[in-house]
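Working notes, structure below.
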Amino acid sequence: MDSPFFNNNGPFKFNEILKELDLKLDKKNEDLIITDIKDLQNSQLNEITFFHSKKYSFAAKNTKASFCITTKNLSDELPKNCKPIIVDNVLVSTSIITAKFYPDSINDSFDTTVEEINNTKFNDKVKFGKNVLIGQNVSIGSNCFIGHNTIIEKNVIIGDNCSIGSNTIVRNTLIKNNVKILDNCVIGKHGFGFFPINNQNLRYPHMGIVLIEDNCEIGCGSTIDRGSMSNTIIGKNTYLDNQIHIAHNVRIGENSIIAGQVGIAGSSVIGNNVKIGGQAGISGHLKIGNNVDIAGGSGVIKDIPNNSKVMGYPAKNIRDFLRENK
């Protein structure tokens with residue numbers, strides 16, 4: 001994934017990366033150049049990636065990255081073209097190197113570039129309420145509406161025929177056509193990614209974006225975090241009810257319906273035509289197949305195959321759950 005909104009401070013020499021991680025310098029390879037940091041699936045030649053769990057062995061074996069931050073135990077999974085950088089804590093080390101490439105992706109203080117919409121080029125192009133603020137690097141299509149007290153912060157692209165409700169904040173987001181975002185939403189802020197170390201919390205950089213595809217609706221009071229090293233994606237014609245939280249790197253497929261107060265933890269992948277009942281929770285790094293129904297109040301802690309109907313905690317086949325709870 002090439003980051004569309006955050007500046008890459010690279011490239012860096014190989015030994016600069018080793019020095020940042022307090023590792024022994026490599027005189028033999030000191031002139032090697034590292035151009036960017038990406039995840040296993042998207043990294044390319046001369047780029048660095050990370051590999052921290054056997055869950056991602058398939059992606060590691062097929063990565064095109066030239067360098068990989070990993071542990072000694074996992075390094076044998078990497079292809080020959082990928083040079084391992086052995087560390088004790090992969091995620092902390094990855095956070096340090098990501099911050100070196102993308103230092104402006106760490107913190108999310110309020111946007112100082114905003115100005116009243118009346119003073120921008122959108123004054124005669126957009127229908128808007130009172131006290132609407134617009135940041136830099138913003139594009140808004142035709143026939144769009146923005147409600148009262150809403151802030152479209154820097155790095156936002158909005159397509160045609162979109163409606164943004166009142167008291168909403170959007171940044172680092174790409175919104176396609178015919179999208180409705182209702183009141184009191186926060187979209188595109190950084191996710192809940194940090195690592196406790198030495199009695200402090202090391203904040204993980206978030207250089208991804210939120211991508212909301214055509215014909216979606218985001219309900220009142222919902223929060224969608226931008227991706228850390230990949231994007232958070234809401235697929236076409238997917239509807240979110242009120243008070244839903246979508247964490248960083250989550251990908252939701254097309255034509256899905258998610259009821260109120262659902263929480264989806266980071267990096268989980270939701271298929272197409274999925275229905276999730278109210279107050280269900282989905283743990284992180286899971287894969288939910290296509291045409292899956294998840295009953296309200298369920299707790300999903302493992303992958304769910306296509307065409308399944310599940311219920312309960314831990315979520316299981318709905319027939320099994322009902323038989324066991326007669």
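Residue numbering restarts at 1 for every chain of the structure tokens, chains are lettered A, B, ... in their displayed order, and ligands are numbered from 1 as they appear.
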(message) Residues within 10 Å of Phe51 in chain A, please, as a PyMOL selection string. Count only C-alpha atoms; anything in the same chain fewer than 4 positions from it doesn't count.
(response) chain A and resi 39-40+55-57+59-60+68-71+74-75+77-78+84+90-91+94
(request) Please provide the set of residues having any atom within 8 Å of range 117-125 of chain A, restricted to only C-alpha atoms, with same-chain residues fewer than 5 positions apart removed, written as a ChimeraX atom specification. (result) /A:132-134,140,142-143
(message) From the options A:Ser230, A:Asn199, A:Asn317, A:Ser298, which residue's atoms come nearest to Asn42 in chain A, counting only C-alpha atoms?
(response) A:Ser230
(message) I want to know what sits within 7 Å of Asn137 in chain A, based on only C-alpha atoms, with residues of the same chain fewer than 3 positions away left out; could you give that as a PyMOL selection string?
(response) chain A and resi 154-156
(request) For Asn7 in chain A, work out the shell of residues within 10 Å, counting only C-alpha atoms and skipping chain neighbours fewer than 6 positions away, then give it as a VMD selection string. (result) chain A and resid 101 to 105 207
Residue subset to file, keeping C-alpha atoms, as an mmCIF file, in the first residue's frame:
data_model
loop_
_atom_site.group_PDB
_atom_site.id
_atom_site.type_symbol
_atom_site.label_atom_id
_atom_site.label_comp_id
_atom_site.auth_asym_id
_atom_site.auth_seq_id
_atom_site.Cartn_x
_atom_site.Cartn_y
_atom_site.Cartn_z
ATOM 1 C CA PHE A 101 9.611 6.548 7.562
ATOM 2 C CA TYR A 102 6.319 8.272 8.455
ATOM 3 C CA PRO A 103 6.799 10.531 11.508
ATOM 4 C CA ASP A 104 3.641 12.548 10.809
ATOM 5 C CA SER A 105 1.449 9.430 11.103
ATOM 6 C CA MET A 207 -0.125 5.639 7.857
#
